[in-house]
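Structure file work29.cif with mmCIF, C-alpha atoms and all ligand atoms:
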```cif
data_run
#
loop_
_atom_site.label_atom_id
_atom_site.label_comp_id
_atom_site.auth_asym_id
_atom_site.auth_seq_id
_atom_site.Cartn_x
_atom_site.Cartn_y
_atom_site.Cartn_z
CA MET A 1480 -139.39 -80.17 21.07
CA SER A 1481 -135.91 -79.69 19.62
CA GLU A 1482 -132.92 -81.32 21.27
CA ARG A 1483 -131.15 -79.42 23.98
CA VAL A 1484 -127.43 -79.06 23.42
CA VAL A 1485 -125.47 -80.13 26.48
CA LEU A 1486 -121.78 -79.95 27.36
CA VAL A 1487 -120.43 -82.35 30.00
CA THR A 1488 -116.83 -81.64 31.03
CA GLY A 1489 -114.98 -84.29 33.02
CA ALA A 1490 -117.26 -86.75 31.25
CA CYS A 1491 -114.92 -89.71 31.80
CA GLY A 1492 -114.91 -89.22 35.56
CA GLU A 1493 -117.29 -90.96 37.92
CA ILE A 1494 -120.11 -88.40 37.91
CA GLY A 1495 -119.55 -87.75 34.22
CA GLN A 1496 -120.03 -91.35 33.15
CA ALA A 1497 -123.18 -91.75 35.22
CA LEU A 1498 -124.59 -88.40 34.06
CA VAL A 1499 -123.95 -88.98 30.34
CA GLN A 1500 -125.61 -92.39 30.61
CA ALA A 1501 -128.62 -90.84 32.36
CA LEU A 1502 -128.94 -88.04 29.79
CA ALA A 1503 -128.70 -90.50 26.89
CA GLN A 1504 -131.32 -92.71 28.49
CA ARG A 1505 -133.73 -89.79 28.97
CA GLY A 1506 -133.28 -88.64 25.40
CA GLY A 1507 -133.88 -85.18 23.97
CA TYR A 1508 -130.26 -84.06 24.37
CA ARG A 1509 -127.45 -83.54 21.92
CA ILE A 1510 -124.47 -84.37 24.14
CA VAL A 1511 -120.94 -83.04 23.70
CA THR A 1512 -118.41 -84.47 26.15
CA ALA A 1513 -114.99 -83.15 27.10
CA ASP A 1514 -112.20 -84.81 29.06
CA LEU A 1515 -108.46 -85.29 29.16
CA ARG A 1516 -109.05 -88.97 28.55
CA PRO A 1517 -110.53 -90.82 25.58
CA LEU A 1518 -114.14 -91.91 25.90
CA PRO A 1519 -114.44 -95.09 28.00
CA LYS A 1520 -116.33 -98.10 26.61
CA THR A 1521 -119.27 -97.32 28.90
CA LEU A 1522 -119.92 -94.09 26.97
CA GLU A 1523 -119.26 -95.25 23.43
CA GLY A 1524 -121.92 -94.00 21.05
CA LEU A 1525 -123.65 -91.82 23.64
CA PRO A 1526 -122.25 -88.34 22.95
CA GLN A 1527 -122.46 -86.82 19.48
CA GLU A 1528 -118.94 -85.57 19.92
CA HIS A 1529 -116.05 -86.00 22.37
CA VAL A 1530 -113.49 -83.22 22.73
CA ARG A 1531 -110.31 -84.60 24.18
CA GLY A 1532 -107.68 -82.43 25.84
CA ASN A 1533 -106.86 -80.04 28.64
CA LEU A 1534 -109.86 -77.77 29.20
CA LEU A 1535 -107.57 -74.75 29.47
CA HIS A 1536 -106.71 -75.36 25.81
CA THR A 1537 -110.04 -76.68 24.54
CA ALA A 1538 -112.41 -74.21 26.27
CA LYS A 1539 -112.06 -71.59 23.52
CA GLN A 1540 -113.42 -73.93 20.89
CA PHE A 1541 -116.68 -74.19 22.80
CA TYR A 1542 -117.54 -70.68 21.57
CA ASP A 1543 -118.44 -72.44 18.30
CA TYR A 1544 -121.32 -74.31 20.00
CA ASP A 1545 -124.62 -73.07 21.35
CA PHE A 1546 -125.06 -74.96 24.57
CA ASP A 1547 -128.33 -74.84 26.46
CA ILE A 1548 -126.83 -76.57 29.50
CA ILE A 1549 -123.25 -76.93 30.74
CA PHE A 1550 -122.42 -79.52 33.39
CA HIS A 1551 -118.92 -78.55 34.40
CA LEU A 1552 -117.66 -81.61 36.25
CA ALA A 1553 -113.93 -81.54 35.42
CA ALA A 1554 -111.85 -81.07 38.57
CA SER A 1555 -108.82 -82.24 40.49
CA LEU A 1556 -110.18 -83.76 43.72
CA SER A 1557 -109.14 -82.96 47.27
CA SER A 1558 -106.25 -85.36 48.02
CA LYS A 1559 -104.72 -85.07 44.55
CA ALA A 1560 -104.99 -81.28 44.62
CA GLU A 1561 -102.83 -81.17 47.77
CA THR A 1562 -99.96 -82.83 45.90
CA ASP A 1563 -99.75 -79.85 43.51
CA PRO A 1564 -102.04 -77.08 44.76
CA GLU A 1565 -101.11 -74.56 42.06
CA ALA A 1566 -101.81 -77.02 39.23
CA ALA A 1567 -105.11 -77.87 40.91
CA HIS A 1568 -105.99 -74.19 41.06
CA ARG A 1569 -105.43 -73.86 37.32
CA ILE A 1570 -107.68 -76.81 36.57
CA ASN A 1571 -110.37 -76.09 39.13
CA VAL A 1572 -110.58 -72.31 38.90
CA GLU A 1573 -109.26 -71.14 35.54
CA GLY A 1574 -111.12 -73.85 33.64
CA THR A 1575 -114.34 -72.89 35.40
CA MET A 1576 -113.85 -69.20 34.74
CA MET A 1577 -113.25 -69.71 31.02
CA LEU A 1578 -116.49 -71.68 30.72
CA LEU A 1579 -118.44 -69.16 32.80
CA GLN A 1580 -117.20 -66.36 30.58
CA MET A 1581 -118.24 -68.27 27.47
CA ALA A 1582 -121.67 -69.04 28.94
CA ALA A 1583 -122.14 -65.38 29.95
CA TYR A 1584 -121.24 -64.22 26.43
CA LYS A 1585 -123.61 -66.70 24.78
CA SER A 1586 -126.47 -65.87 27.16
CA ALA A 1587 -126.18 -62.18 26.33
CA LYS A 1588 -125.67 -62.74 22.60
CA TYR A 1589 -128.71 -64.95 22.07
CA GLY A 1590 -130.87 -63.51 24.84
CA LYS A 1591 -131.28 -66.96 26.38
CA ALA A 1592 -129.81 -67.95 29.72
CA VAL A 1593 -127.34 -70.82 29.45
CA LYS A 1594 -127.76 -73.13 32.45
CA PHE A 1595 -124.43 -73.68 34.17
CA ILE A 1596 -124.62 -76.63 36.57
CA PHE A 1597 -121.70 -76.98 38.96
CA PRO A 1598 -120.91 -79.79 41.41
CA SER A 1599 -119.50 -78.22 44.53
CA SER A 1600 -118.56 -80.24 47.59
CA ILE A 1601 -118.58 -80.71 51.35
CA ALA A 1602 -114.90 -79.74 50.98
CA VAL A 1603 -115.99 -76.06 51.07
CA TYR A 1604 -116.56 -76.56 54.80
CA GLY A 1605 -113.70 -76.44 57.27
CA LEU A 1606 -114.32 -77.24 60.92
CA PRO A 1607 -111.34 -76.56 63.16
CA ASP A 1608 -111.33 -79.85 65.10
CA VAL A 1609 -113.28 -83.05 65.71
CA GLU A 1610 -115.00 -81.72 68.88
CA THR A 1611 -116.37 -78.76 66.94
CA LYS A 1612 -117.37 -81.05 64.07
CA THR A 1613 -119.30 -83.35 66.41
CA ALA A 1614 -120.97 -80.42 68.12
CA ALA A 1615 -121.87 -78.78 64.76
CA GLY A 1616 -123.86 -81.79 63.46
CA ARG A 1617 -125.74 -80.88 60.27
CA VAL A 1618 -124.25 -77.72 58.79
CA ARG A 1619 -126.13 -75.14 56.74
CA GLU A 1620 -124.77 -73.71 53.48
CA GLU A 1621 -123.43 -70.50 55.00
CA GLU A 1622 -121.80 -72.05 58.07
CA TRP A 1623 -118.11 -73.01 58.44
CA ASN A 1624 -117.07 -71.85 54.96
CA ASP A 1625 -113.37 -72.07 55.88
CA PRO A 1626 -111.90 -74.83 53.70
CA HIS A 1627 -108.64 -76.51 54.69
CA THR A 1628 -107.81 -77.76 51.17
CA MET A 1629 -106.98 -76.16 47.83
CA TYR A 1630 -109.87 -78.12 46.31
CA GLY A 1631 -112.27 -76.75 48.93
CA CYS A 1632 -111.02 -73.20 48.36
CA ASN A 1633 -111.42 -73.69 44.60
CA LYS A 1634 -114.97 -75.01 44.89
CA LEU A 1635 -116.03 -72.23 47.27
CA TYR A 1636 -114.51 -69.55 45.05
CA CYS A 1637 -116.07 -71.05 41.90
CA GLU A 1638 -119.47 -70.92 43.58
CA LYS A 1639 -118.85 -67.20 44.10
CA LEU A 1640 -117.63 -66.78 40.51
CA GLY A 1641 -120.77 -68.48 39.25
CA VAL A 1642 -122.95 -66.09 41.19
CA TYR A 1643 -120.86 -63.15 39.97
CA TYR A 1644 -121.17 -64.12 36.29
CA SER A 1645 -124.87 -64.81 36.67
CA ARG A 1646 -125.80 -61.60 38.50
CA PHE A 1647 -123.11 -58.95 38.56
CA TYR A 1648 -120.81 -59.48 35.55
CA GLN A 1649 -120.00 -56.04 34.11
CA GLN A 1650 -122.51 -54.80 36.69
CA ARG A 1651 -125.22 -55.44 34.12
CA HIS A 1652 -127.85 -55.45 36.83
CA LEU A 1653 -127.44 -51.67 36.88
CA ASP A 1654 -128.55 -51.34 33.23
CA PRO A 1655 -132.16 -50.29 32.72
CA SER A 1656 -132.55 -53.19 30.27
CA PRO A 1657 -129.71 -55.61 31.03
CA PRO A 1658 -128.85 -58.40 28.61
CA VAL A 1659 -129.74 -61.95 29.62
CA MET A 1660 -127.24 -63.44 32.07
CA LEU A 1661 -126.34 -67.06 32.59
CA ASP A 1662 -128.23 -69.26 35.04
CA PHE A 1663 -125.75 -70.66 37.56
CA ARG A 1664 -126.77 -73.48 39.92
CA ALA A 1665 -124.60 -75.59 42.23
CA VAL A 1666 -125.02 -78.58 44.52
CA ARG A 1667 -122.61 -79.35 47.31
CA PHE A 1668 -122.10 -83.09 47.09
CA PRO A 1669 -121.13 -85.48 49.87
CA GLY A 1670 -118.76 -88.34 49.00
CA LEU A 1671 -120.42 -90.11 46.06
CA VAL A 1672 -120.26 -93.89 45.81
CA SER A 1673 -120.76 -95.79 42.57
CA ALA A 1674 -120.98 -99.57 42.20
CA PHE A 1675 -119.41 -99.36 38.74
CA THR A 1676 -116.54 -96.90 38.96
CA LEU A 1677 -113.91 -95.83 41.49
CA PRO A 1678 -112.91 -92.29 42.35
CA THR A 1679 -109.35 -91.06 41.93
CA GLY A 1680 -107.68 -88.48 44.10
CA GLY A 1681 -110.52 -87.74 46.50
CA THR A 1682 -110.46 -88.04 50.28
CA SER A 1683 -113.86 -89.69 50.66
CA ASP A 1684 -112.41 -92.49 48.50
CA TYR A 1685 -111.96 -94.88 51.46
CA GLY A 1686 -115.70 -95.67 51.40
CA PRO A 1687 -115.94 -96.84 47.78
CA GLU A 1688 -112.38 -98.26 47.76
CA MET A 1689 -113.14 -100.50 50.76
CA LEU A 1690 -116.28 -101.96 49.19
CA HIS A 1691 -114.76 -102.44 45.74
CA ALA A 1692 -111.70 -104.14 47.29
CA ALA A 1693 -113.89 -106.45 49.40
CA ALA A 1694 -115.98 -107.41 46.37
CA GLN A 1695 -112.81 -108.40 44.51
CA GLY A 1696 -111.31 -110.31 47.45
CA LYS A 1697 -108.44 -107.81 47.75
CA PRO A 1698 -107.12 -106.67 51.15
CA TYR A 1699 -107.69 -103.00 51.96
CA ALA A 1700 -106.02 -100.66 54.43
CA CYS A 1701 -108.38 -97.79 55.18
CA PHE A 1702 -106.53 -94.47 55.41
CA VAL A 1703 -108.78 -92.88 58.07
CA ARG A 1704 -109.73 -93.81 61.66
CA PRO A 1705 -112.68 -96.17 62.24
CA ASP A 1706 -114.73 -93.41 63.94
CA THR A 1707 -114.44 -91.02 60.97
CA ARG A 1708 -117.87 -89.82 59.90
CA ILE A 1709 -118.67 -87.77 56.79
CA PRO A 1710 -121.73 -87.65 54.52
CA PHE A 1711 -122.00 -90.05 51.58
CA MET A 1712 -124.52 -90.53 48.78
CA ALA A 1713 -125.34 -93.19 46.20
CA MET A 1714 -124.29 -92.12 42.70
CA PRO A 1715 -127.84 -92.46 41.30
CA ASP A 1716 -128.97 -89.90 43.89
CA GLY A 1717 -126.10 -87.61 42.88
CA ILE A 1718 -127.31 -87.73 39.27
CA LYS A 1719 -130.89 -87.25 40.42
CA ALA A 1720 -129.85 -84.11 42.34
CA LEU A 1721 -128.06 -82.64 39.30
CA LEU A 1722 -131.03 -83.28 37.01
CA MET A 1723 -133.63 -82.05 39.50
CA LEU A 1724 -131.72 -78.83 40.08
CA THR A 1725 -131.29 -78.37 36.32
CA GLU A 1726 -135.03 -78.73 35.72
CA ALA A 1727 -136.23 -76.69 38.71
CA PRO A 1728 -138.12 -73.52 37.65
CA ARG A 1729 -135.84 -70.57 38.26
CA GLU A 1730 -138.43 -68.62 40.23
CA GLN A 1731 -138.54 -71.40 42.83
CA LEU A 1732 -134.84 -71.10 43.61
CA THR A 1733 -134.04 -68.94 46.62
CA ARG A 1734 -130.29 -69.47 46.31
CA ALA A 1735 -127.62 -70.54 43.80
CA VAL A 1736 -125.86 -73.15 45.94
CA TYR A 1737 -127.59 -76.05 47.70
CA ASN A 1738 -126.51 -78.76 50.13
CA VAL A 1739 -127.79 -82.24 49.32
CA GLY A 1740 -127.55 -85.02 51.89
CA ALA A 1741 -128.31 -88.71 52.25
CA PHE A 1742 -126.54 -90.68 55.05
CA SER A 1743 -123.38 -90.54 57.17
CA PRO A 1744 -121.82 -93.88 58.13
CA THR A 1745 -118.50 -94.08 59.96
CA ALA A 1746 -115.55 -95.84 58.31
CA GLU A 1747 -116.12 -98.72 60.77
CA GLU A 1748 -119.76 -98.97 59.66
CA PHE A 1749 -118.53 -99.24 56.04
CA ARG A 1750 -116.21 -102.04 57.20
CA GLN A 1751 -119.00 -103.89 59.00
CA ARG A 1752 -121.24 -103.73 55.91
CA ALA A 1753 -118.38 -104.99 53.75
CA LEU A 1754 -117.72 -107.88 56.17
CA GLN A 1755 -121.40 -108.84 56.29
CA ALA A 1756 -121.50 -109.03 52.51
CA PHE A 1757 -118.01 -110.48 51.97
CA PRO A 1758 -117.04 -112.36 55.17
CA ALA A 1759 -113.54 -113.12 53.88
CA ALA A 1760 -112.76 -109.41 53.33
CA GLU A 1761 -109.50 -108.22 54.91
CA ILE A 1762 -109.99 -104.62 55.98
CA THR A 1763 -107.51 -102.92 58.28
CA PHE A 1764 -106.85 -99.32 59.27
CA ARG A 1765 -103.62 -97.49 58.47
CA VAL A 1766 -104.21 -93.81 59.11
CA ASN A 1767 -102.73 -91.21 56.78
CA ALA A 1768 -102.49 -88.11 58.95
CA ARG A 1769 -102.91 -85.64 56.10
CA ARG A 1770 -105.97 -87.29 54.65
CA GLN A 1771 -107.40 -87.79 58.14
CA GLY A 1772 -106.95 -84.06 58.73
CA ILE A 1773 -108.96 -83.31 55.59
CA VAL A 1774 -111.97 -85.47 56.50
CA ASP A 1775 -111.86 -84.30 60.11
CA SER A 1776 -112.43 -80.77 58.77
CA TRP A 1777 -115.51 -81.85 56.78
CA PRO A 1778 -118.91 -81.90 58.50
CA GLU A 1779 -120.61 -85.07 59.71
CA ALA A 1780 -123.78 -84.19 57.87
CA VAL A 1781 -125.36 -81.37 55.91
CA ASP A 1782 -128.63 -79.52 56.35
CA ASP A 1783 -130.32 -79.79 52.96
CA SER A 1784 -133.65 -78.25 53.93
CA ALA A 1785 -133.30 -75.48 51.30
CA ALA A 1786 -133.03 -78.05 48.47
CA ARG A 1787 -135.97 -79.97 49.92
CA ALA A 1788 -138.13 -76.85 50.16
CA ASP A 1789 -137.16 -75.18 46.87
CA TRP A 1790 -136.96 -78.05 44.40
CA GLY A 1791 -138.37 -81.06 46.22
CA TRP A 1792 -135.04 -82.78 46.84
CA ALA A 1793 -135.09 -86.11 48.69
CA PRO A 1794 -132.61 -88.96 48.21
CA ASP A 1795 -133.96 -92.35 47.10
CA TYR A 1796 -131.31 -94.22 49.08
CA ASP A 1797 -130.90 -94.19 52.85
CA VAL A 1798 -128.02 -96.19 54.27
CA ASP A 1799 -129.83 -99.56 54.22
CA ARG A 1800 -131.26 -99.18 50.72
CA PHE A 1801 -127.87 -97.90 49.55
CA PHE A 1802 -126.05 -101.06 50.63
CA ASP A 1803 -128.81 -103.62 50.15
CA GLU A 1804 -130.50 -102.44 46.97
CA TYR A 1805 -127.85 -100.45 45.12
CA LEU A 1806 -124.25 -101.10 46.04
CA LEU A 1807 -124.03 -104.77 47.02
CA PRO A 1808 -126.15 -106.33 44.25
CA ASN A 1809 -124.54 -104.17 41.55
CA ILE A 1810 -120.98 -104.57 42.79
CA ARG A 1811 -121.42 -108.37 43.01
CA ALA A 1812 -122.72 -108.48 39.47
CA PHE A 1813 -119.99 -106.10 38.28
CA TYR A 1814 -117.11 -108.23 39.58
CA GLY A 1815 -118.90 -111.50 38.90
N1 LIG A 1901 -115.30 -86.67 47.03
C1 LIG A 1901 -114.54 -85.47 46.96
C2 LIG A 1901 -113.17 -85.65 47.49
O1 LIG A 1901 -112.98 -86.52 48.30
C3 LIG A 1901 -115.21 -84.40 47.74
O2 LIG A 1901 -115.91 -83.58 46.90
O3 LIG A 1901 -112.30 -84.92 47.13
#
```

Would you mind writing the structure in this file as structure tokens?
Ligand code: SER
Amino acid sequence: MSERVVLVTGACGEIGQALVQALAQRGGYRIVTADLRPLPKTLEGLPQEHVRGNLLHTAKQFYDYDFDIIFHLAASLSSKAETDPEAAHRINVEGTMMLLQMAAYKSAKYGKAVKFIFPSSIAVYGLPDVETKTAAGRVREEEWNDPHTMYGCNKLYCEKLGVYYSRFYQQRHLDPSPPVMLDFRAVRFPGLVSAFTLPTGGTSDYGPEMLHAAAQGKPYACFVRPDTRIPFMAMPDGIKALLMLTEAPREQLTRAVYNVGAFSPTAEEFRQRALQAFPAAEITFRVNARRQGIVDSWPEAVDDSAARADWGWAPDYDVDRFFDEYLLPNIRAFYG
């Protein structure tokens, strides 16, 4: 079988690095990466080409490629986006729209649907207060779609744009023989935690930051209350979800956007795990009201039964396996 040509935007970010490594390990892909930053050491030699620069300027040049799959990961995360919401909108929405337009054009031109895989987020949810959040429990995809952040608005809108370009663009569905349209698929991720990289600018960052600080013997002040509970997932499961959704036969998909869940520890539970593993860890709480407000609006857990039913989703890591078999051994080895 010939190689599939893949574009990974935001390739130097956390998901990007893990995804490019997984694709290279599987083989059968010709990988083109794109990012503002130069390729990190971890990715050297893996992509055939790295396109460096602002996606708003580089997106046009992707018309010269024939991608089978686009993983559009580049984004400004939730906390960072609040510091300059309009700039975040440009990155998160305009960049996505340019790539969707390109993928729609290519799908029609070659009569072959380009797969457009999009990581959405629990940030698309917005619960009004903690009482409602606790009462809501596991939320379904169509519930509480009232984001409190620019990032959440951007992700929710880009999900809609993806559906628009894949089904209704130029109202092609009304043609008796419409051209092929792109194949848009999205997962709504919880906070992802990697043992090898740290997030920047997110609001779920307290989880990974606390563990990475403890492993390095650095003190850490957690910016949310101890009782804060949101969903998290091990990075390998995040990559597994992206690849499973990419490979799922289209006729099995009953929707374009899927929740994926794993486990939901409180910030205090993260602290206890860190202390068990690194008894000298110094972890305190210093609440940042704005960031607390963001996570308080995110659900405690997600209902991912659609992903389980349609494409066989199940995480490999529950909370115990996550700490004991993935995070702690790898983070210890990583920091020596
Ligand atoms: N982890 C992301 C953030 O905190 C949520 O998608 O912004």

Please write out the residues within 7 Å of ligand LIG 1901 (chain A) as a VMD selection string, counting only C-alpha atoms and all ligand atoms. chain A and resid 1556 to 1558 1599 to 1602 1668 to 1671 1680 to 1684

Using all atoms listed in the file, which residues sit within 12 Å of stretch 1650-1657 of chain A once same-chain residues fewer than 3 positions away are excluded, as a ChimeraX atom specification? /A:1583,1586-1588,1590,1643-1647,1660-1661

Near A:Asp1799, counting all atoms listed in the file, which residues have an atom at most 12 Å away, once you skip same-chain residues fewer than 2 positions from it, shown as an mmCIF file with C-alpha atoms, in the coordinates of the input?
```
data_model
loop_
_atom_site.group_PDB
_atom_site.id
_atom_site.type_symbol
_atom_site.label_atom_id
_atom_site.label_comp_id
_atom_site.auth_asym_id
_atom_site.auth_seq_id
_atom_site.Cartn_x
_atom_site.Cartn_y
_atom_site.Cartn_z
ATOM 1 C CA MET A 1712 -124.520 -90.530 48.780
ATOM 2 C CA ALA A 1713 -125.340 -93.190 46.200
ATOM 3 C CA ALA A 1741 -128.310 -88.710 52.250
ATOM 4 C CA PHE A 1742 -126.540 -90.680 55.050
ATOM 5 C CA SER A 1743 -123.380 -90.540 57.170
ATOM 6 C CA PRO A 1744 -121.820 -93.880 58.130
ATOM 7 C CA GLU A 1748 -119.760 -98.970 59.660
ATOM 8 C CA PHE A 1749 -118.530 -99.240 56.040
ATOM 9 C CA ARG A 1752 -121.240 -103.730 55.910
ATOM 10 C CA ASP A 1795 -133.960 -92.350 47.100
ATOM 11 C CA TYR A 1796 -131.310 -94.220 49.080
ATOM 12 C CA ASP A 1797 -130.900 -94.190 52.850
ATOM 13 C CA PHE A 1801 -127.870 -97.900 49.550
ATOM 14 C CA PHE A 1802 -126.050 -101.060 50.630
ATOM 15 C CA ASP A 1803 -128.810 -103.620 50.150
ATOM 16 C CA GLU A 1804 -130.500 -102.440 46.970
ATOM 17 C CA TYR A 1805 -127.850 -100.450 45.120
ATOM 18 C CA LEU A 1806 -124.250 -101.100 46.040
ATOM 19 C CA LEU A 1807 -124.030 -104.770 47.020
#
```

Gap from atom CA of A:Ala1692 to atom CA of A:Gly1815 - Å, one decimal: 13.3 Å

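Counting from atom CA of A:Ala1746, the distance to atom CA of A:Glu1779 is 12.0 Å.
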
Which distance in Å separates atom CA of A:Gln1649 and atom CA of A:His1551, to one decimal?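 Pair atom CA of A:Gln1649 / atom CA of A:His1551 returns 22.5 Å.
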
Which protein, DNA or RNA residues have an atom at most 8 Å from (-120.8, -83.6, 59.3), counting all atoms listed in the file? List them as a PyMOL selection string. chain A and resi 1612-1613+1615-1618+1708-1710+1743+1777-1781

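With all atoms listed in the file as the atoms that count, the minimum distance from A:Gly1492 to the choices A:Trp1623, A:Phe1675, A:Tyr1648, A:Phe1702 is reached by A:Phe1675.
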
Shell of 10 Å around A:Pro1705, all atoms listed in the file, local chain residues under 5 positions omitted, as a ChimeraX atom specification: /A:1745-1750,1763-1766

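In this comparison, which uses only C-alpha atoms, the residue of A:Ala1592, A:Val1499, A:Ala1786, A:Ala1566 approaching A:Leu1732 most closely is A:Ala1786.
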
Provide an axis-aligned box for all listed atoms of stretch 1610-1616 of chain A, padding each side by 3 Å; report its centre and its edge lengths in Å to one decimal, as AutoDock Vina command-line options.
```
--center_x -119.4 --center_y -81.1 --center_z 66.2 --size_x 14.9 --size_y 10.6 --size_z 11.4
```

Can you tell me which residues surround A:Thr1575 at a distance of at most 10 Å, considering all atoms listed in the file, apart from same-chain residues fewer than 3 positions away, and format the answer as a compact mmCIF listing (two decimals) with C-alpha atoms, in the coordinates of the input?
```
# COMPACT_ATOMS: atom_id res chain seq x y z
CA LEU A 1534 -109.86 -77.77 29.20
CA LEU A 1535 -107.57 -74.75 29.47
CA ALA A 1538 -112.41 -74.21 26.27
CA HIS A 1551 -118.92 -78.55 34.40
CA LEU A 1552 -117.66 -81.61 36.25
CA ALA A 1553 -113.93 -81.54 35.42
CA ALA A 1554 -111.85 -81.07 38.57
CA ARG A 1569 -105.43 -73.86 37.32
CA ILE A 1570 -107.68 -76.81 36.57
CA ASN A 1571 -110.37 -76.09 39.13
CA VAL A 1572 -110.58 -72.31 38.90
CA LEU A 1578 -116.49 -71.68 30.72
CA LEU A 1579 -118.44 -69.16 32.80
CA GLN A 1580 -117.20 -66.36 30.58
CA MET A 1581 -118.24 -68.27 27.47
CA PHE A 1597 -121.70 -76.98 38.96
CA ASN A 1633 -111.42 -73.69 44.60
CA LYS A 1634 -114.97 -75.01 44.89
CA CYS A 1637 -116.07 -71.05 41.90
CA GLU A 1638 -119.47 -70.92 43.58
CA LEU A 1640 -117.63 -66.78 40.51
CA GLY A 1641 -120.77 -68.48 39.25
```

Excluding A:Val1485 and residues on its chain fewer than 5 positions from it, collect all residues at most 12 Å away from it, counting all atoms listed in the file, and give them as an MDAnalysis selection string. chainID A and resid 1490 1498:1499 1502:1503 1506:1513 1526:1529 1541 1544:1551 1582 1593:1596 1725

Pick out the closest residue to A:Pro1728 from this set: A:Arg1770, A:Arg1664, A:Pro1758, A:Lys1697. Count all atoms listed in the file.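 Using all atoms listed in the file, A:Pro1728 sits closest to A:Arg1664.
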
Which one of A:Ala1793, A:Ala1560, A:Val1672, A:Val1736 sits closest to A:Gly1631 if you count all atoms listed in the file? A:Ala1560

Restricting the calculation to all atoms listed in the file, which member of A:Thr1707, A:His1627, A:Arg1531, A:Met1723 is positioned closest to A:Arg1516? A:Arg1531
